[in-house]
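Data file: target_38.cif. Format and content: mmCIF, C-alpha atoms, pLDDT in the B column; chains and numbers go by the auth columns.
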```
data_entry
#
loop_
_atom_site.group_PDB
_atom_site.id
_atom_site.type_symbol
_atom_site.label_atom_id
_atom_site.label_comp_id
_atom_site.label_asym_id
_atom_site.label_seq_id
_atom_site.Cartn_x
_atom_site.Cartn_y
_atom_site.Cartn_z
_atom_site.B_iso_or_equiv
_atom_site.auth_seq_id
_atom_site.auth_asym_id
ATOM 1 C CA MET A 1 -33.540 -3.634 0.040 59.00 21 A
ATOM 2 C CA ASN A 2 -35.205 -1.896 -2.810 77.00 22 A
ATOM 3 C CA ARG A 3 -33.233 -1.798 -6.070 78.00 23 A
ATOM 4 C CA SER A 4 -34.125 1.856 -6.734 81.00 24 A
ATOM 5 C CA PHE A 5 -32.698 2.753 -3.298 82.00 25 A
ATOM 6 C CA TRP A 6 -29.300 1.322 -4.247 84.00 26 A
ATOM 7 C CA LEU A 7 -29.432 2.929 -7.680 88.00 27 A
ATOM 8 C CA LEU A 8 -30.166 6.321 -6.137 88.00 28 A
ATOM 9 C CA ARG A 9 -27.365 5.820 -3.634 90.00 29 A
ATOM 10 C CA GLY A 10 -24.926 4.929 -6.409 90.00 30 A
ATOM 11 C CA LEU A 11 -25.909 7.990 -8.425 92.00 31 A
ATOM 12 C CA LYS A 12 -25.414 10.199 -5.357 93.00 32 A
ATOM 13 C CA PHE A 13 -21.966 8.722 -4.811 94.00 33 A
ATOM 14 C CA ILE A 14 -20.977 9.346 -8.442 95.00 34 A
ATOM 15 C CA LEU A 15 -22.282 12.913 -8.256 96.00 35 A
ATOM 16 C CA PHE A 16 -20.385 13.709 -5.047 96.00 36 A
ATOM 17 C CA ALA A 17 -17.214 12.064 -6.377 94.00 37 A
ATOM 18 C CA ALA A 18 -17.397 14.173 -9.556 95.00 38 A
ATOM 19 C CA LEU A 19 -17.992 17.315 -7.480 96.00 39 A
ATOM 20 C CA PHE A 20 -15.034 16.486 -5.245 94.00 40 A
ATOM 21 C CA VAL A 21 -12.723 15.921 -8.224 93.00 41 A
ATOM 22 C CA ALA A 22 -13.898 19.150 -9.866 95.00 42 A
ATOM 23 C CA LEU A 23 -13.425 21.122 -6.643 95.00 43 A
ATOM 24 C CA ALA A 24 -9.971 19.627 -6.031 93.00 44 A
ATOM 25 C CA GLY A 25 -8.955 20.423 -9.626 94.00 45 A
ATOM 26 C CA PHE A 26 -10.197 23.982 -9.288 96.00 46 A
ATOM 27 C CA VAL A 27 -8.299 24.465 -6.014 95.00 47 A
ATOM 28 C CA VAL A 28 -5.066 23.085 -7.535 94.00 48 A
ATOM 29 C CA MET A 29 -5.478 25.252 -10.631 96.00 49 A
ATOM 30 C CA SER A 30 -6.201 28.383 -8.573 96.00 50 A
ATOM 31 C CA LEU A 31 -3.299 27.882 -6.190 95.00 51 A
ATOM 32 C CA TRP A 32 -0.880 27.095 -9.018 94.00 52 A
ATOM 33 C CA ASN A 33 -1.971 30.079 -11.104 95.00 53 A
ATOM 34 C CA TRP A 34 -1.794 32.374 -8.075 95.00 54 A
ATOM 35 C CA LEU A 35 1.604 31.264 -6.721 94.00 55 A
ATOM 36 C CA MET A 36 3.791 29.562 -9.314 94.00 56 A
ATOM 37 C CA PRO A 37 3.931 32.226 -12.051 94.00 57 A
ATOM 38 C CA ALA A 38 4.696 34.948 -9.509 93.00 58 A
ATOM 39 C CA ILE A 39 7.298 32.989 -7.537 94.00 59 A
ATOM 40 C CA PHE A 40 9.016 30.806 -10.141 93.00 60 A
ATOM 41 C CA GLY A 41 7.877 32.298 -13.458 94.00 61 A
ATOM 42 C CA LEU A 42 6.066 29.088 -14.469 93.00 62 A
ATOM 43 C CA PRO A 43 3.189 29.121 -16.987 95.00 63 A
ATOM 44 C CA LEU A 44 -0.487 29.148 -16.033 95.00 64 A
ATOM 45 C CA LEU A 45 -2.389 25.843 -15.866 94.00 65 A
ATOM 46 C CA SER A 46 -5.698 24.985 -17.463 96.00 66 A
ATOM 47 C CA PHE A 47 -8.313 22.991 -15.540 95.00 67 A
ATOM 48 C CA ALA A 48 -7.410 19.786 -17.407 96.00 68 A
ATOM 49 C CA GLN A 49 -3.715 20.283 -16.632 96.00 69 A
ATOM 50 C CA ALA A 50 -4.564 20.831 -12.957 95.00 70 A
ATOM 51 C CA LEU A 51 -6.490 17.536 -12.909 95.00 71 A
ATOM 52 C CA GLY A 52 -3.519 15.831 -14.561 94.00 72 A
ATOM 53 C CA LEU A 53 -1.187 17.309 -11.949 93.00 73 A
ATOM 54 C CA LEU A 54 -3.523 16.085 -9.208 91.00 74 A
ATOM 55 C CA ILE A 55 -3.525 12.557 -10.641 90.00 75 A
ATOM 56 C CA LEU A 56 0.250 12.610 -11.088 91.00 76 A
ATOM 57 C CA SER A 57 0.758 13.683 -7.483 89.00 77 A
ATOM 58 C CA ARG A 58 -1.566 10.887 -6.369 85.00 78 A
ATOM 59 C CA ILE A 59 0.466 8.343 -8.309 85.00 79 A
ATOM 60 C CA LEU A 60 3.840 9.644 -7.145 87.00 80 A
ATOM 61 C CA PHE A 61 3.100 10.450 -3.527 84.00 81 A
ATOM 62 C CA GLY A 62 0.145 8.162 -2.712 75.00 82 A
ATOM 63 C CA GLY A 63 -2.147 10.737 -1.142 61.00 83 A
ATOM 64 C CA PHE A 64 -5.938 10.717 -0.690 57.00 84 A
ATOM 65 C CA HIS A 65 -6.021 7.813 1.777 57.00 85 A
ATOM 66 C CA LYS A 66 -9.488 7.045 3.011 57.00 86 A
ATOM 67 C CA GLY A 67 -10.068 6.748 6.716 50.00 87 A
ATOM 68 C CA GLY A 68 -7.701 9.527 7.727 47.00 88 A
ATOM 69 C CA GLY A 69 -4.542 8.166 6.128 49.00 89 A
ATOM 70 C CA GLY A 70 -4.819 4.551 7.184 52.00 90 A
ATOM 71 C CA ALA A 71 -2.528 1.711 6.210 59.00 91 A
ATOM 72 C CA THR A 72 -1.227 1.694 2.688 72.00 92 A
ATOM 73 C CA TRP A 73 -1.772 -1.194 0.290 76.00 93 A
ATOM 74 C CA LYS A 74 1.760 -2.416 0.970 81.00 94 A
ATOM 75 C CA ALA A 75 1.192 -2.572 4.727 84.00 95 A
ATOM 76 C CA ARG A 76 -2.116 -4.385 4.207 85.00 96 A
ATOM 77 C CA ALA A 77 -0.437 -6.896 1.881 86.00 97 A
ATOM 78 C CA GLN A 78 2.368 -7.506 4.371 87.00 98 A
ATOM 79 C CA GLU A 79 -0.155 -8.043 7.162 89.00 99 A
ATOM 80 C CA HIS A 80 -2.131 -10.453 4.975 90.00 100 A
ATOM 81 C CA TRP A 81 0.944 -12.591 4.234 88.00 101 A
ATOM 82 C CA ARG A 82 2.124 -12.440 7.856 89.00 102 A
ATOM 83 C CA ASN A 83 -1.267 -13.751 9.034 90.00 103 A
ATOM 84 C CA LYS A 84 -1.267 -16.408 6.334 89.00 104 A
ATOM 85 C CA MET A 85 2.195 -17.656 7.341 86.00 105 A
ATOM 86 C CA GLU A 86 1.325 -17.626 11.056 88.00 106 A
ATOM 87 C CA ASN A 87 -1.744 -19.759 10.358 88.00 107 A
ATOM 88 C CA ARG A 88 0.314 -22.135 8.246 86.00 108 A
ATOM 89 C CA MET A 89 3.040 -22.412 10.904 86.00 109 A
ATOM 90 C CA GLN A 90 0.481 -23.182 13.632 88.00 110 A
ATOM 91 C CA GLY A 91 -0.602 -26.277 11.749 85.00 111 A
ATOM 92 C CA MET A 92 2.957 -27.656 11.565 87.00 112 A
ATOM 93 C CA THR A 93 4.764 -29.892 14.000 88.00 113 A
ATOM 94 C CA GLU A 94 8.020 -28.655 15.551 89.00 114 A
ATOM 95 C CA GLU A 95 10.060 -30.806 13.144 90.00 115 A
ATOM 96 C CA GLU A 96 8.198 -29.402 10.136 89.00 116 A
ATOM 97 C CA ARG A 97 8.764 -25.850 11.379 87.00 117 A
ATOM 98 C CA GLU A 98 12.496 -26.413 11.805 88.00 118 A
ATOM 99 C CA LYS A 99 12.733 -27.992 8.346 88.00 119 A
ATOM 100 C CA PHE A 100 10.885 -24.990 6.880 85.00 120 A
ATOM 101 C CA ARG A 101 13.178 -22.527 8.672 82.00 121 A
ATOM 102 C CA GLN A 102 16.268 -24.335 7.400 85.00 122 A
ATOM 103 C CA LYS A 103 14.940 -24.241 3.841 84.00 123 A
ATOM 104 C CA MET A 104 14.166 -20.521 4.121 80.00 124 A
ATOM 105 C CA ARG A 105 17.624 -19.740 5.521 79.00 125 A
ATOM 106 C CA THR A 106 19.431 -21.459 2.686 80.00 126 A
ATOM 107 C CA SER A 107 17.298 -20.686 -0.350 79.00 127 A
ATOM 108 C CA CYS A 108 15.427 -17.391 -0.011 72.00 128 A
ATOM 109 C CA GLY A 109 16.641 -13.931 -0.877 66.00 129 A
ATOM 110 C CA PRO A 110 19.825 -12.732 -2.506 66.00 130 A
ATOM 111 C CA PRO A 111 22.989 -14.651 -1.591 64.00 131 A
ATOM 112 C CA TRP A 112 24.385 -11.920 0.664 63.00 132 A
ATOM 113 C CA MET A 113 21.237 -11.974 2.825 62.00 133 A
ATOM 114 C CA ARG A 114 21.029 -15.718 3.318 59.00 134 A
ATOM 115 C CA MET A 115 21.713 -16.823 6.835 58.00 135 A
ATOM 116 C CA PRO A 116 24.362 -19.502 7.200 59.00 136 A
ATOM 117 C CA ALA A 117 23.093 -22.825 8.414 56.00 137 A
ATOM 118 C CA GLU A 118 23.605 -23.265 12.136 57.00 138 A
ATOM 119 C CA GLN A 119 26.639 -25.355 12.954 57.00 139 A
ATOM 120 C CA PRO A 120 26.117 -28.178 15.435 57.00 140 A
ATOM 121 C CA LYS A 121 27.723 -27.370 18.764 61.00 141 A
ATOM 122 C CA SER A 122 30.730 -29.446 19.668 59.00 142 A
ATOM 123 C CA ALA A 123 31.104 -30.964 23.116 56.00 143 A
ATOM 124 C CA SER A 124 33.556 -28.246 24.192 58.00 144 A
ATOM 125 C CA GLN A 125 31.168 -25.437 23.172 58.00 145 A
ATOM 126 C CA ALA A 126 28.168 -27.002 24.847 53.00 146 A
ATOM 127 C CA GLN A 127 29.710 -26.636 28.323 54.00 147 A
#
```
How would this structure read if it were set down as C-alpha cells?
Amino acid sequence: MNRSFWLLRGLKFILFAALFVALAGFVVMSLWNWLMPAIFGLPLLSFAQALGLLILSRILFGGFHKGGGGATWKARAQEHWRNKMENRMQGMTEEEREKFRQKMRTSCGPPWMRMPAEQPKSASQAQ
C-alpha cells in the first residue's frame, strides 16, 4: 500500500490514543476530586497526579485489556509453553517420554513437591 496511507493511519492512532489517555485522566481526576475529599477527607488531585494514579492502577491491577478482557500475558505464556511441550512430546518414542517423566519427577521443583519415583510392583501386589 501507499506509504502516506500508513503514515496517516499511524498519526490517527497516536491522536486517538492521546485523546483516550487525556479523557481517562480527566475522568479519574473529576471522580477523585468529587468523591474522595468529601467522603474520606483526602486532598484534591491535579491532572498529572490523576494520570499517575491511572498508570499505578494499571500496573497493580492489570486493567485495560484489549479485546474485552481477554487472556492475560501469563495465560498466553502458559499456553505457549504447553503447546511447545506437547509438540516436543509427540516427536518422542514411548521410552523417551517415560525417561523424560522420570527426570521431571525427580529433579524439578522444590523438594516437597517432587513426586517419589514409582516403586516396581512386587509379584504379590501385581495379583
Expand the PyMOL selection byres ((chain A and resi 66) around 10) into the individual residues it matches in the shown file, reporting them as a count of residues only. 15
For the atom pair CA of Thr92 (chain A) and CA of Met105 (chain A), what is the interatomic distance in Å to one decimal place? 20.2 Å
Between CA of Arg96 (chain A) and CA of Gly82 (chain A), what is the distance, to one decimal in Å? 14.5 Å
Record the distance separating CA of Pro57 (chain A) and CA of Leu76 (chain A), expressed in Å with one decimal.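 CA of Leu76 (chain A) lies at a distance of 20.0 Å from CA of Pro57 (chain A).
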Each side padded by 8 Å, which centre and which edge lengths in Å (one decimal) define the axis-aligned box around the listed atoms of region 114-129 of chain A? Give them as JSON.
```
{"center_x": 13.7, "center_y": -22.4, "center_z": 7.3, "size_x": 27.4, "size_y": 32.9, "size_z": 32.4}
```
Extract region 33-45 of chain A from the preceding block and save all heavy atoms as a PDB file, in the first residue's frame.
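The file below, part-v9.pdb, is the result:
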```
ATOM      1  N   PHE A  33      -3.881   6.959  14.903  1.00  0.00           N
ATOM      2  CA  PHE A  33      -3.812   6.090  16.079  1.00  0.00           C
ATOM      3  C   PHE A  33      -3.200   6.833  17.261  1.00  0.00           C
ATOM      4  O   PHE A  33      -3.720   6.771  18.381  1.00  0.00           O
ATOM      5  CB  PHE A  33      -3.004   4.825  15.772  1.00  0.00           C
ATOM      6  CG  PHE A  33      -2.800   3.959  16.977  1.00  0.00           C
ATOM      7  CD1 PHE A  33      -3.817   3.146  17.442  1.00  0.00           C
ATOM      8  CD2 PHE A  33      -1.594   3.969  17.657  1.00  0.00           C
ATOM      9  CE1 PHE A  33      -3.641   2.366  18.564  1.00  0.00           C
ATOM     10  CE2 PHE A  33      -1.404   3.189  18.781  1.00  0.00           C
ATOM     11  CZ  PHE A  33      -2.427   2.367  19.232  1.00  0.00           C
ATOM     12  N   ILE A  34      -2.105   7.548  17.021  1.00  0.00           N
ATOM     13  CA  ILE A  34      -1.442   8.303  18.090  1.00  0.00           C
ATOM     14  C   ILE A  34      -2.372   9.389  18.630  1.00  0.00           C
ATOM     15  O   ILE A  34      -2.467   9.590  19.849  1.00  0.00           O
ATOM     16  CB  ILE A  34      -0.113   8.892  17.587  1.00  0.00           C
ATOM     17  CG1 ILE A  34       0.896   7.766  17.353  1.00  0.00           C
ATOM     18  CG2 ILE A  34       0.449   9.916  18.563  1.00  0.00           C
ATOM     19  CD1 ILE A  34       2.164   8.197  16.648  1.00  0.00           C
ATOM     20  N   LEU A  35      -3.080  10.063  17.749  1.00  0.00           N
ATOM     21  CA  LEU A  35      -4.012  11.105  18.165  1.00  0.00           C
ATOM     22  C   LEU A  35      -5.130  10.534  19.037  1.00  0.00           C
ATOM     23  O   LEU A  35      -5.429  11.059  20.110  1.00  0.00           O
ATOM     24  CB  LEU A  35      -4.602  11.811  16.941  1.00  0.00           C
ATOM     25  CG  LEU A  35      -5.666  12.867  17.252  1.00  0.00           C
ATOM     26  CD1 LEU A  35      -5.033  14.049  17.972  1.00  0.00           C
ATOM     27  CD2 LEU A  35      -6.359  13.298  15.980  1.00  0.00           C
ATOM     28  N   PHE A  36      -5.747   9.429  18.588  1.00  0.00           N
ATOM     29  CA  PHE A  36      -6.827   8.833  19.367  1.00  0.00           C
ATOM     30  C   PHE A  36      -6.323   8.256  20.684  1.00  0.00           C
ATOM     31  O   PHE A  36      -7.022   8.319  21.701  1.00  0.00           O
ATOM     32  CB  PHE A  36      -7.569   7.771  18.552  1.00  0.00           C
ATOM     33  CG  PHE A  36      -8.513   8.368  17.550  1.00  0.00           C
ATOM     34  CD1 PHE A  36      -8.324   8.160  16.196  1.00  0.00           C
ATOM     35  CD2 PHE A  36      -9.586   9.155  17.956  1.00  0.00           C
ATOM     36  CE1 PHE A  36      -9.191   8.707  15.270  1.00  0.00           C
ATOM     37  CE2 PHE A  36     -10.453   9.713  17.040  1.00  0.00           C
ATOM     38  CZ  PHE A  36     -10.255   9.488  15.689  1.00  0.00           C
ATOM     39  N   ALA A  37      -5.121   7.700  20.700  1.00  0.00           N
ATOM     40  CA  ALA A  37      -4.555   7.189  21.948  1.00  0.00           C
ATOM     41  C   ALA A  37      -4.324   8.326  22.934  1.00  0.00           C
ATOM     42  O   ALA A  37      -4.635   8.202  24.127  1.00  0.00           O
ATOM     43  CB  ALA A  37      -3.253   6.442  21.674  1.00  0.00           C
ATOM     44  N   ALA A  38      -3.802   9.451  22.460  1.00  0.00           N
ATOM     45  CA  ALA A  38      -3.574  10.611  23.333  1.00  0.00           C
ATOM     46  C   ALA A  38      -4.904  11.155  23.851  1.00  0.00           C
ATOM     47  O   ALA A  38      -5.010  11.519  25.033  1.00  0.00           O
ATOM     48  CB  ALA A  38      -2.807  11.689  22.576  1.00  0.00           C
ATOM     49  N   LEU A  39      -5.920  11.208  22.989  1.00  0.00           N
ATOM     50  CA  LEU A  39      -7.237  11.663  23.426  1.00  0.00           C
ATOM     51  C   LEU A  39      -7.832  10.722  24.470  1.00  0.00           C
ATOM     52  O   LEU A  39      -8.428  11.161  25.460  1.00  0.00           O
ATOM     53  CB  LEU A  39      -8.183  11.799  22.236  1.00  0.00           C
ATOM     54  CG  LEU A  39      -7.957  13.010  21.341  1.00  0.00           C
ATOM     55  CD1 LEU A  39      -8.861  12.949  20.111  1.00  0.00           C
ATOM     56  CD2 LEU A  39      -8.209  14.296  22.109  1.00  0.00           C
ATOM     57  N   PHE A  40      -7.667   9.437  24.275  1.00  0.00           N
ATOM     58  CA  PHE A  40      -8.187   8.459  25.233  1.00  0.00           C
ATOM     59  C   PHE A  40      -7.495   8.606  26.588  1.00  0.00           C
ATOM     60  O   PHE A  40      -8.153   8.598  27.631  1.00  0.00           O
ATOM     61  CB  PHE A  40      -7.996   7.040  24.698  1.00  0.00           C
ATOM     62  CG  PHE A  40      -8.406   5.992  25.692  1.00  0.00           C
ATOM     63  CD1 PHE A  40      -9.741   5.721  25.921  1.00  0.00           C
ATOM     64  CD2 PHE A  40      -7.448   5.288  26.406  1.00  0.00           C
ATOM     65  CE1 PHE A  40     -10.126   4.763  26.845  1.00  0.00           C
ATOM     66  CE2 PHE A  40      -7.815   4.334  27.339  1.00  0.00           C
ATOM     67  CZ  PHE A  40      -9.169   4.063  27.550  1.00  0.00           C
ATOM     68  N   VAL A  41      -6.186   8.754  26.589  1.00  0.00           N
ATOM     69  CA  VAL A  41      -5.442   8.913  27.839  1.00  0.00           C
ATOM     70  C   VAL A  41      -5.859  10.206  28.533  1.00  0.00           C
ATOM     71  O   VAL A  41      -6.074  10.232  29.754  1.00  0.00           O
ATOM     72  CB  VAL A  41      -3.920   8.874  27.580  1.00  0.00           C
ATOM     73  CG1 VAL A  41      -3.128   9.302  28.806  1.00  0.00           C
ATOM     74  CG2 VAL A  41      -3.496   7.473  27.147  1.00  0.00           C
ATOM     75  N   ALA A  42      -5.995  11.285  27.767  1.00  0.00           N
ATOM     76  CA  ALA A  42      -6.412  12.559  28.359  1.00  0.00           C
ATOM     77  C   ALA A  42      -7.830  12.469  28.933  1.00  0.00           C
ATOM     78  O   ALA A  42      -8.081  12.946  30.048  1.00  0.00           O
ATOM     79  CB  ALA A  42      -6.339  13.668  27.312  1.00  0.00           C
ATOM     80  N   LEU A  43      -8.727  11.829  28.215  1.00  0.00           N
ATOM     81  CA  LEU A  43     -10.099  11.671  28.704  1.00  0.00           C
ATOM     82  C   LEU A  43     -10.137  10.799  29.954  1.00  0.00           C
ATOM     83  O   LEU A  43     -10.818  11.132  30.932  1.00  0.00           O
ATOM     84  CB  LEU A  43     -10.981  11.086  27.609  1.00  0.00           C
ATOM     85  CG  LEU A  43     -12.447  10.895  27.976  1.00  0.00           C
ATOM     86  CD1 LEU A  43     -13.102  12.256  28.228  1.00  0.00           C
ATOM     87  CD2 LEU A  43     -13.173  10.152  26.879  1.00  0.00           C
ATOM     88  N   ALA A  44      -9.400   9.691  29.948  1.00  0.00           N
ATOM     89  CA  ALA A  44      -9.362   8.810  31.115  1.00  0.00           C
ATOM     90  C   ALA A  44      -8.773   9.542  32.321  1.00  0.00           C
ATOM     91  O   ALA A  44      -9.283   9.419  33.445  1.00  0.00           O
ATOM     92  CB  ALA A  44      -8.555   7.551  30.802  1.00  0.00           C
ATOM     93  N   GLY A  45      -7.715  10.318  32.111  1.00  0.00           N
ATOM     94  CA  GLY A  45      -7.132  11.103  33.204  1.00  0.00           C
ATOM     95  C   GLY A  45      -8.095  12.135  33.746  1.00  0.00           C
ATOM     96  O   GLY A  45      -8.195  12.332  34.964  1.00  0.00           O
TER      97      GLY A  45
END
```
